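What follows is one structure encoded as structure tokens, with my remarks underneath.
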There are 2 protein chains.
Amino acid sequence: MNEFATQSPYPMIPFEQAMAIVWQHVGPLAPRRVPLDDALGLVLAQEVCAEGPHPPFAASTMDGYAVRAADGVAPRRVLAEQEAGRVLAVALEPGTCVRIMTGAPLPAGADAVIPVELTQESEGWMQAQASIEPVRNVRPIGADLAAGQRVLPADTTLGPAEIGLLASLGVAEPLVYPRPRVAILATGDELVGQGQPLAPGQIRDSNSYVLAAAIRGIGCQPLRLPRIADTRDALRQAILAALPEADLVLTTGGVSMGTRDLVKPVLEELGTVHFGRVAIQPGKPLTFATVQGTPVLGLPGNPVSTLVGFEMVVRPMLREMANVRARHRPEREVRLRQPVRHDPERLEFQRARLQYQEGEWWAVTTGSQLSSRLMSLVGANALLCIPQGVGNLPEGVQVRAILIHEPESEEMPGLYDG
Amino acid sequence: MNEFATQSPYPMIPFEQAMAIVWQHVGPLAPRRVPLDDALGLVLAQEVCAEGPHPPFAASTMDGYAVRAADGVAPRRVLAEQEAGRVLAVALEPGTCVRIMTGAPLPAGADAVIPVELTQESEGWMQAQASIEPVRNVRPIGADLAAGQRVLPADTTLGPAEIGLLASLGVAEPLVYPRPRVAILATGDELVGQGQPLAPGQIRDSNSYVLAAAIRGIGCQPLRLPRIADTRDALRQAILAALPEADLVLTTGGVSMGTRDLVKPVLEELGTVHFGRVAIQPGKPLTFATVQGTPVLGLPGNPVSTLVGFEMVVRPMLREMANVRARHRPEREVRLRQPVRHDPERLEFQRARLQYQEGEWWAVTTGSQLSSRLMSLVGANALLCIPQGVGNLPEGVQVRAILIHEPESEEMPGLYDG
């Protein structure tokens, strides 16, 4: 049995310094082409212009009759029926018309469409109730997009409307910053998977599920790796195998000072460890390395440390990789509803629920802040940032809150107030 | 060639009446068990309680030495090393200790853990720098969850923390309202898929991409069906084939009054059409039917009508099916930055961008509101509701805005203010 090292070889650095180091090694992924059906939420890497005009032909916006407006209200002879999707070999002479469907191209010689509701057709002749002005109910060439028009600038996030525009232009595989792929490796001999019996001293792996869900929740692609034994060899093999599949490798557990805490030594062996301790609570042993150019983040094994580490470090990294403009969550100033105990040596992220009372936002912590207690995140809609350098805080003090939930209509009016 | 019907057989009903009819036929899906990796965003159908206490054993929260606190600062003999994941057959006598790792079970006889940083070990003896109080650095049985405690109530939406809790309890397949599956059928002979050449009079299908993205964006499962010819037979076959795969069938196009508008007649033949025209703009020919108990919604073929119809009708339906509490988007009152032309016969949803100026929220419309013009949705963060019964509106008037984008940190402070 090996003896403990009693002092960590890694200096404890402030959170801001840790993030500055992260940004030296993490940037947008190399753009590539992605099918439209996989492009939701991704960011365009180049502007998209319309080659030709849209629509490329003058089209009817109604079901009715394509006419020459100048013919007035005299009865018109019906020459043919113009469906959408093809072009009739017919041209309107004075006194004639063509039945036309919504979206169909306007026949040669026609300049307006009379809606069917305002007409009567009988034995090949159409009688309109009134005359019509030219261009009415016609969508001219280029009405939606002019030829050459810039449709979407680079750095546009693709929502449903943007994806529809690309589809209408025939851009089947836009050039985008791809969806980051994140490998997840939960370490710890005490961890047992779902469906297997728990022996004494064992607990179930929850971290890999927490991370996979959080990664999926921001539109990235999780890859949960099989759990491995706590040996140097197994950990080395697992990390090396994950590298070609992942833009970021996350480990959980194994970053403390125990004799089985192998993540740091294995990362030292495989690549460069940029930091190994950060002055935050939870999450002090947070470790960041690069191996063959790929960032590897070692999160502590406690579930709350894992999820808070995701919010504060992993999420901004993934948004940067995806080149999303808003890297960070919205924030607001709130007041403490109860006193808070706080160790001045670290920046602490306390889980809280924000409530609007008496014209102000108040933070109520979600009970025991034990790092193991995932219940402290259930119902939490904010992380309170209790800064390094200050001690316990009395009720009523103002602190910064990071909003970690999307707003829901009825429930949180005002939460996203500036 | 068939003649037109000049009057629609469907009465034009107000939007509120249409939605009331929808709610008579749409409700939460039957709950079923879903693997944790597919459960993000779904809603629990039954409460979940902890069977036993968590943790099930007293565990160390530090790397260090498990001790008897009463032994004070005298040197202690090191008996063994207690790793996480198994239980040592050792019990502490006075004057002894056990090396222990974070998360490992506390050995019999121990009542506290001295962190490794405060110790020195040499030749089998450990010397602590100071004494320690009982229970320090020990996470007692049940510290996170008491036996029998209700962990998550029914109707909880499963986020990463909730999924982690279920994993830690060994609930591998929670009982949830399943993710709605939505079949998408784009009709129209003028539509051409990606990668195929466009003939004169043809345009590319964009609606099926718009809908698939929007469906995916709210965590539901889209199924894009192959495009079909505009014939009764093809449409009938496609709808019947989609029914067993889908909780909701969406069609686009084919709901106007043209001779090729077959959606309504086919739905009448297969099931019951509950309404066929709604007093809204865009989207007047919106059609709702049930076929073999499954809801079928016929959206108009214009891309903007499709996406606005999704926002105003499909999204609430899908959230109801998934039993999500907040069925609707957040709303706020805003003022018009420019005059708005409006037909008093219908409720209109205008695409707009909201901007905060001079202490108020102002709506700027996104250019031409042509139903074909998807560009009117690019950059829009709101739909303005211009009510039925009023005509043109001057600048400065207050209207209701539905917020259709998630807030982004830097960009929209205050948008979600109550």
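To be explicit about the labels: the chains of the structure tokens are called A, B, and onward in the order shown, and within each one the residues are counted from 1, while ligands get numbers from 1 in the order they are shown.
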
### Query
Could you pull out all residues of region 251-415 of chain B with a DSSP call of alpha helix (DSSP H) and give them as a ChimeraX atom specification?
/B:263-270,303-309,315-321

Using N, CA and C atoms, can you write the selected residues to a file as a PDB file, in the first residue's frame?
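What follows is the written file part.pdb:
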ATOM      1  N   VAL B 263     -56.473  17.499 -48.765  1.00  0.00           N
ATOM      2  CA  VAL B 263     -56.325  17.098 -47.370  1.00  0.00           C
ATOM      3  C   VAL B 263     -57.677  17.009 -46.674  1.00  0.00           C
ATOM      4  N   LYS B 264     -58.492  18.046 -46.832  1.00  0.00           N
ATOM      5  CA  LYS B 264     -59.791  18.040 -46.153  1.00  0.00           C
ATOM      6  C   LYS B 264     -60.674  16.887 -46.618  1.00  0.00           C
ATOM      7  N   PRO B 265     -60.853  16.696 -47.950  1.00  0.00           N
ATOM      8  CA  PRO B 265     -61.712  15.563 -48.368  1.00  0.00           C
ATOM      9  C   PRO B 265     -61.191  14.205 -47.896  1.00  0.00           C
ATOM     10  N   VAL B 266     -59.880  14.004 -47.902  1.00  0.00           N
ATOM     11  CA  VAL B 266     -59.350  12.709 -47.462  1.00  0.00           C
ATOM     12  C   VAL B 266     -59.572  12.522 -45.965  1.00  0.00           C
ATOM     13  N   LEU B 267     -59.405  13.599 -45.194  1.00  0.00           N
ATOM     14  CA  LEU B 267     -59.636  13.484 -43.744  1.00  0.00           C
ATOM     15  C   LEU B 267     -61.110  13.237 -43.444  1.00  0.00           C
ATOM     16  N   GLU B 268     -61.995  13.861 -44.222  1.00  0.00           N
ATOM     17  CA  GLU B 268     -63.432  13.600 -44.050  1.00  0.00           C
ATOM     18  C   GLU B 268     -63.732  12.117 -44.282  1.00  0.00           C
ATOM     19  N   GLU B 269     -63.041  11.562 -45.258  1.00  0.00           N
ATOM     20  CA  GLU B 269     -63.265  10.159 -45.618  1.00  0.00           C
ATOM     21  C   GLU B 269     -62.721   9.211 -44.536  1.00  0.00           C
ATOM     22  N   LEU B 270     -61.554   9.566 -43.979  1.00  0.00           N
ATOM     23  CA  LEU B 270     -60.893   8.651 -43.028  1.00  0.00           C
ATOM     24  C   LEU B 270     -61.371   8.832 -41.593  1.00  0.00           C
ATOM     25  N   PRO B 303     -44.583  28.695 -45.902  1.00  0.00           N
ATOM     26  CA  PRO B 303     -43.659  28.410 -44.797  1.00  0.00           C
ATOM     27  C   PRO B 303     -43.963  29.209 -43.539  1.00  0.00           C
ATOM     28  N   VAL B 304     -44.345  30.453 -43.675  1.00  0.00           N
ATOM     29  CA  VAL B 304     -44.610  31.263 -42.489  1.00  0.00           C
ATOM     30  C   VAL B 304     -45.872  30.761 -41.784  1.00  0.00           C
ATOM     31  N   SER B 305     -46.906  30.419 -42.575  1.00  0.00           N
ATOM     32  CA  SER B 305     -48.124  29.866 -41.980  1.00  0.00           C
ATOM     33  C   SER B 305     -47.781  28.593 -41.213  1.00  0.00           C
ATOM     34  N   THR B 306     -46.892  27.801 -41.783  1.00  0.00           N
ATOM     35  CA  THR B 306     -46.495  26.551 -41.144  1.00  0.00           C
ATOM     36  C   THR B 306     -45.859  26.818 -39.789  1.00  0.00           C
ATOM     37  N   LEU B 307     -44.904  27.739 -39.750  1.00  0.00           N
ATOM     38  CA  LEU B 307     -44.158  27.952 -38.514  1.00  0.00           C
ATOM     39  C   LEU B 307     -44.997  28.701 -37.477  1.00  0.00           C
ATOM     40  N   VAL B 308     -45.801  29.657 -37.929  1.00  0.00           N
ATOM     41  CA  VAL B 308     -46.681  30.347 -36.982  1.00  0.00           C
ATOM     42  C   VAL B 308     -47.728  29.359 -36.460  1.00  0.00           C
ATOM     43  N   GLY B 309     -48.236  28.507 -37.339  1.00  0.00           N
ATOM     44  CA  GLY B 309     -49.163  27.465 -36.902  1.00  0.00           C
ATOM     45  C   GLY B 309     -48.518  26.526 -35.897  1.00  0.00           C
ATOM     46  N   ARG B 315     -47.261  23.533 -30.926  1.00  0.00           N
ATOM     47  CA  ARG B 315     -46.427  23.522 -29.728  1.00  0.00           C
ATOM     48  C   ARG B 315     -47.267  23.326 -28.455  1.00  0.00           C
ATOM     49  N   PRO B 316     -48.361  24.082 -28.265  1.00  0.00           N
ATOM     50  CA  PRO B 316     -49.194  23.794 -27.085  1.00  0.00           C
ATOM     51  C   PRO B 316     -49.745  22.372 -27.075  1.00  0.00           C
ATOM     52  N   MET B 317     -50.117  21.837 -28.255  1.00  0.00           N
ATOM     53  CA  MET B 317     -50.615  20.454 -28.309  1.00  0.00           C
ATOM     54  C   MET B 317     -49.543  19.477 -27.824  1.00  0.00           C
ATOM     55  N   LEU B 318     -48.322  19.665 -28.300  1.00  0.00           N
ATOM     56  CA  LEU B 318     -47.258  18.725 -27.942  1.00  0.00           C
ATOM     57  C   LEU B 318     -46.896  18.839 -26.467  1.00  0.00           C
ATOM     58  N   ARG B 319     -46.942  20.059 -25.939  1.00  0.00           N
ATOM     59  CA  ARG B 319     -46.637  20.224 -24.515  1.00  0.00           C
ATOM     60  C   ARG B 319     -47.733  19.608 -23.657  1.00  0.00           C
ATOM     61  N   GLU B 320     -48.964  19.699 -24.124  1.00  0.00           N
ATOM     62  CA  GLU B 320     -50.061  19.038 -23.420  1.00  0.00           C
ATOM     63  C   GLU B 320     -49.865  17.513 -23.465  1.00  0.00           C
ATOM     64  N   MET B 321     -49.520  16.969 -24.627  1.00  0.00           N
ATOM     65  CA  MET B 321     -49.297  15.518 -24.738  1.00  0.00           C
ATOM     66  C   MET B 321     -48.179  15.055 -23.800  1.00  0.00           C
TER      67      MET B 321
END

### Exercise: Ser371 (chain A) partners within 9 Å, only C-alpha atoms, chain neighbours under 3 positions left out, as a PyMOL selection string
chain A and resi 281-283+302-305+368+374+376

Grab the residues selected above and save them as an mmCIF file, in the first residue's frame with C-alpha atoms.
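Full text of again_25.cif as output:
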data_model
loop_
_atom_site.group_PDB
_atom_site.id
_atom_site.type_symbol
_atom_site.label_atom_id
_atom_site.label_comp_id
_atom_site.auth_asym_id
_atom_site.auth_seq_id
_atom_site.Cartn_x
_atom_site.Cartn_y
_atom_site.Cartn_z
ATOM 1 C CA GLN A 281 -16.702 25.303 -3.709
ATOM 2 C CA PRO A 282 -17.895 22.768 -4.780
ATOM 3 C CA GLY A 283 -15.219 21.513 -7.148
ATOM 4 C CA ASN A 302 -19.562 14.301 -6.050
ATOM 5 C CA PRO A 303 -22.734 14.709 -8.101
ATOM 6 C CA VAL A 304 -23.242 18.346 -7.155
ATOM 7 C CA SER A 305 -19.621 19.198 -7.954
ATOM 8 C CA SER A 368 -28.091 21.432 2.855
ATOM 9 C CA LEU A 374 -28.274 16.338 -5.636
ATOM 10 C CA SER A 376 -29.950 20.758 -3.500
#

### Query
Which residues come within 8 Å of Arg332 (chain B), counting only C-alpha atoms, excluding same-chain residues fewer than 6 positions away, as a count of residues only?
5

Write out as a short mmCIF file (atom, residue, chain, number, x, y, z; two decimals) with C-alpha atoms, in the first residue's frame all residues of region 150-306 of chain A that DSSP puts in strand (DSSP E) for this structure's backbone.
data_model
loop_
_atom_site.label_atom_id
_atom_site.label_comp_id
_atom_site.auth_asym_id
_atom_site.auth_seq_id
_atom_site.Cartn_x
_atom_site.Cartn_y
_atom_site.Cartn_z
CA ARG A 150 -27.56 37.86 -48.35
CA VAL A 151 -30.05 35.62 -46.61
CA LEU A 152 -28.16 34.64 -43.47
CA LEU A 175 -21.20 24.80 -43.39
CA VAL A 176 -21.47 25.07 -39.61
CA TYR A 177 -19.48 24.76 -36.43
CA ARG A 181 -18.93 15.51 -29.03
CA VAL A 182 -18.20 14.89 -25.37
CA ALA A 183 -16.85 11.62 -23.96
CA ILE A 184 -17.83 10.88 -20.33
CA LEU A 185 -15.73 8.62 -18.16
CA ALA A 186 -16.99 8.03 -14.61
CA LEU A 191 -19.68 2.86 -8.66
CA VAL A 192 -22.20 0.33 -9.89
CA ILE A 203 -23.22 3.33 -4.71
CA ARG A 204 -24.79 3.79 -8.13
CA GLN A 221 -23.50 14.93 -28.27
CA PRO A 222 -22.65 12.83 -25.22
CA LEU A 223 -20.76 9.53 -25.40
CA ARG A 224 -20.97 7.62 -22.12
CA LEU A 248 -13.81 17.16 -25.09
CA VAL A 249 -13.19 14.37 -22.61
CA LEU A 250 -14.81 14.62 -19.17
CA THR A 251 -13.82 12.42 -16.25
CA THR A 252 -15.60 12.33 -12.91
CA THR A 272 -0.10 18.50 -20.08
CA VAL A 273 -2.02 19.30 -16.89
CA HIS A 274 -2.71 23.07 -16.92
CA PHE A 275 -4.23 23.26 -13.47
CA ARG A 277 -6.90 22.83 -8.05
CA VAL A 278 -9.24 25.81 -8.24
CA ILE A 280 -14.12 27.11 -5.80
CA GLN A 281 -16.70 25.30 -3.71
CA THR A 287 -8.36 19.49 -13.26
CA PHE A 288 -7.75 20.69 -16.80
CA ALA A 289 -5.35 19.09 -19.27
CA THR A 290 -4.79 18.75 -22.96
CA VAL A 291 -3.88 15.39 -24.49
CA THR A 294 -7.90 17.62 -27.05
CA PRO A 295 -9.09 19.26 -23.84
CA VAL A 296 -9.69 16.92 -20.91
CA LEU A 297 -11.53 18.15 -17.85
CA GLY A 298 -11.39 16.20 -14.59
CA LEU A 299 -14.49 16.89 -12.51
#

Excluding same-chain residues fewer than 3 positions from Ile228 (chain A), what lies within 10 Å of it counting only C-alpha atoms, as an mmCIF file with N, CA and C atoms, in the first residue's frame?
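Output (out04.cif):
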data_model
loop_
_atom_site.group_PDB
_atom_site.id
_atom_site.type_symbol
_atom_site.label_atom_id
_atom_site.label_comp_id
_atom_site.auth_asym_id
_atom_site.auth_seq_id
_atom_site.Cartn_x
_atom_site.Cartn_y
_atom_site.Cartn_z
ATOM 1 N N LEU A 185 -16.385 9.764 -18.781
ATOM 2 C CA LEU A 185 -15.732 8.618 -18.162
ATOM 3 C C LEU A 185 -15.884 8.768 -16.649
ATOM 4 N N ALA A 186 -16.782 7.971 -16.064
ATOM 5 C CA ALA A 186 -16.989 8.030 -14.609
ATOM 6 C C ALA A 186 -16.028 7.046 -13.950
ATOM 7 N N THR A 187 -15.158 7.543 -13.066
ATOM 8 C CA THR A 187 -14.217 6.643 -12.400
ATOM 9 C C THR A 187 -14.645 6.425 -10.950
ATOM 10 N N GLY A 188 -14.179 5.339 -10.366
ATOM 11 C CA GLY A 188 -14.485 5.045 -8.965
ATOM 12 C C GLY A 188 -14.926 3.601 -8.799
ATOM 13 N N ASP A 189 -14.117 2.806 -8.044
ATOM 14 C CA ASP A 189 -14.455 1.391 -7.867
ATOM 15 C C ASP A 189 -15.733 1.198 -7.075
ATOM 16 N N LEU A 191 -18.516 2.601 -7.797
ATOM 17 C CA LEU A 191 -19.678 2.865 -8.660
ATOM 18 C C LEU A 191 -20.214 1.592 -9.286
ATOM 19 N N LEU A 225 -18.904 6.421 -21.758
ATOM 20 C CA LEU A 225 -17.996 5.279 -21.909
ATOM 21 C C LEU A 225 -18.294 4.260 -20.806
ATOM 22 N N THR A 231 -7.540 1.592 -12.186
ATOM 23 C CA THR A 231 -6.108 1.303 -12.349
ATOM 24 C C THR A 231 -5.561 2.275 -13.384
ATOM 25 N N ASP A 233 -3.602 1.667 -15.865
ATOM 26 C CA ASP A 233 -3.697 1.117 -17.216
ATOM 27 C C ASP A 233 -5.087 1.317 -17.809
ATOM 28 N N ALA A 234 -6.103 0.973 -17.033
ATOM 29 C CA ALA A 234 -7.476 1.071 -17.544
ATOM 30 C C ALA A 234 -7.804 2.523 -17.873
ATOM 31 N N LEU A 235 -7.397 3.435 -16.993
ATOM 32 C CA LEU A 235 -7.696 4.852 -17.210
ATOM 33 C C LEU A 235 -6.953 5.372 -18.446
ATOM 34 N N GLN A 237 -5.887 3.663 -21.062
ATOM 35 C CA GLN A 237 -6.497 3.082 -22.270
ATOM 36 C C GLN A 237 -7.818 3.776 -22.599
ATOM 37 N N ALA A 238 -8.615 4.026 -21.574
ATOM 38 C CA ALA A 238 -9.932 4.619 -21.811
ATOM 39 C C ALA A 238 -9.796 6.026 -22.384
#

### Query
Contacts of Leu166 (chain B) at 12 Å or less, counting only C-alpha atoms, minus same-chain residues fewer than 2 places along, as JSON, numbers by chain?
{"A": [194, 204, 205, 206, 207, 209, 210, 374, 375, 378], "B": [35, 36, 37, 39, 40, 44, 47, 48, 49, 50, 51, 150, 151, 152, 156, 158, 159, 160, 161, 162, 163, 164, 168, 169, 170, 171, 172, 173, 174, 175]}

Go ahead and dump the residues you just picked, C-alpha atoms, as a PDB file, in the first residue's frame.
ATOM      1  CA  GLN A 194     -28.069   0.380 -13.354  1.00  0.00           C
ATOM      2  CA  ARG A 204     -24.788   3.786  -8.131  1.00  0.00           C
ATOM      3  CA  ASP A 205     -23.100   5.810 -10.844  1.00  0.00           C
ATOM      4  CA  SER A 206     -25.197   8.908 -11.323  1.00  0.00           C
ATOM      5  CA  ASN A 207     -22.605  11.328 -12.687  1.00  0.00           C
ATOM      6  CA  TYR A 209     -26.235  10.238 -16.466  1.00  0.00           C
ATOM      7  CA  VAL A 210     -26.180  13.779 -15.094  1.00  0.00           C
ATOM      8  CA  LEU A 374     -28.274  16.338  -5.636  1.00  0.00           C
ATOM      9  CA  MET A 375     -31.539  17.325  -3.956  1.00  0.00           C
ATOM     10  CA  VAL A 378     -33.840  20.034  -7.558  1.00  0.00           C
TER      11      VAL A 378
ATOM     12  CA  PRO B  35     -34.512   4.590 -20.194  1.00  0.00           C
ATOM     13  CA  LEU B  36     -32.759   7.362 -18.259  1.00  0.00           C
ATOM     14  CA  ASP B  37     -30.666   8.313 -21.285  1.00  0.00           C
ATOM     15  CA  ALA B  39     -35.655  10.896 -20.280  1.00  0.00           C
ATOM     16  CA  LEU B  40     -34.309  14.468 -20.436  1.00  0.00           C
ATOM     17  CA  LEU B  44     -42.643  12.016 -14.283  1.00  0.00           C
ATOM     18  CA  GLU B  47     -43.744  10.169  -7.520  1.00  0.00           C
ATOM     19  CA  VAL B  48     -40.393   8.575  -6.727  1.00  0.00           C
ATOM     20  CA  CYS B  49     -39.335   7.777  -3.159  1.00  0.00           C
ATOM     21  CA  ALA B  50     -36.035   6.553  -1.729  1.00  0.00           C
ATOM     22  CA  GLU B  51     -36.346   2.926  -0.624  1.00  0.00           C
ATOM     23  CA  ARG B 150     -40.237  11.497  -1.385  1.00  0.00           C
ATOM     24  CA  VAL B 151     -37.465  12.489  -3.768  1.00  0.00           C
ATOM     25  CA  LEU B 152     -39.430  13.725  -6.774  1.00  0.00           C
ATOM     26  CA  THR B 156     -41.625  16.821 -12.140  1.00  0.00           C
ATOM     27  CA  LEU B 158     -36.648  15.709 -15.557  1.00  0.00           C
ATOM     28  CA  GLY B 159     -33.550  17.859 -15.867  1.00  0.00           C
ATOM     29  CA  PRO B 160     -29.964  16.690 -15.347  1.00  0.00           C
ATOM     30  CA  ALA B 161     -30.193  16.842 -11.521  1.00  0.00           C
ATOM     31  CA  GLU B 162     -33.442  14.876 -11.439  1.00  0.00           C
ATOM     32  CA  ILE B 163     -32.000  12.285 -13.820  1.00  0.00           C
ATOM     33  CA  GLY B 164     -28.963  11.998 -11.545  1.00  0.00           C
ATOM     34  CA  SER B 168     -28.543   7.176  -7.773  1.00  0.00           C
ATOM     35  CA  LEU B 169     -31.766   5.443  -6.648  1.00  0.00           C
ATOM     36  CA  GLY B 170     -31.405   2.771  -9.314  1.00  0.00           C
ATOM     37  CA  VAL B 171     -34.545   3.912 -11.179  1.00  0.00           C
ATOM     38  CA  ALA B 172     -33.205   2.938 -14.612  1.00  0.00           C
ATOM     39  CA  GLU B 173     -36.539   3.377 -16.381  1.00  0.00           C
ATOM     40  CA  PRO B 174     -38.750   6.010 -14.806  1.00  0.00           C
ATOM     41  CA  LEU B 175     -42.483   6.083 -15.603  1.00  0.00           C
TER      42      LEU B 175
END

### Query
What is the distance, in Å and to one decimal place, between CA of Gly271 (chain B) and CA of Leu286 (chain B)?
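That distance, rounded to one decimal, is 16.4 Å.
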
### Task
Write out as a ChimeraX atom specification which residues come within 9 Å of Ser8 (chain B) when counting only C-alpha atoms, dropping same-chain ones fewer than 6 positions away.
/A:117 /B:256-257,276-277

Deliver the residues from the most recent selection as a file, using C-alpha atoms, as an mmCIF file, in the first residue's frame.
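Result saved to out-v6.cif:
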data_model
loop_
_atom_site.group_PDB
_atom_site.id
_atom_site.type_symbol
_atom_site.label_atom_id
_atom_site.label_comp_id
_atom_site.auth_asym_id
_atom_site.auth_seq_id
_atom_site.Cartn_x
_atom_site.Cartn_y
_atom_site.Cartn_z
ATOM 1 C CA GLU A 117 -64.882 33.172 -54.069
ATOM 2 C CA SER B 256 -57.025 25.683 -49.675
ATOM 3 C CA MET B 257 -59.933 25.575 -52.088
ATOM 4 C CA GLY B 276 -61.494 23.587 -41.567
ATOM 5 C CA ARG B 277 -61.102 27.363 -41.364
#
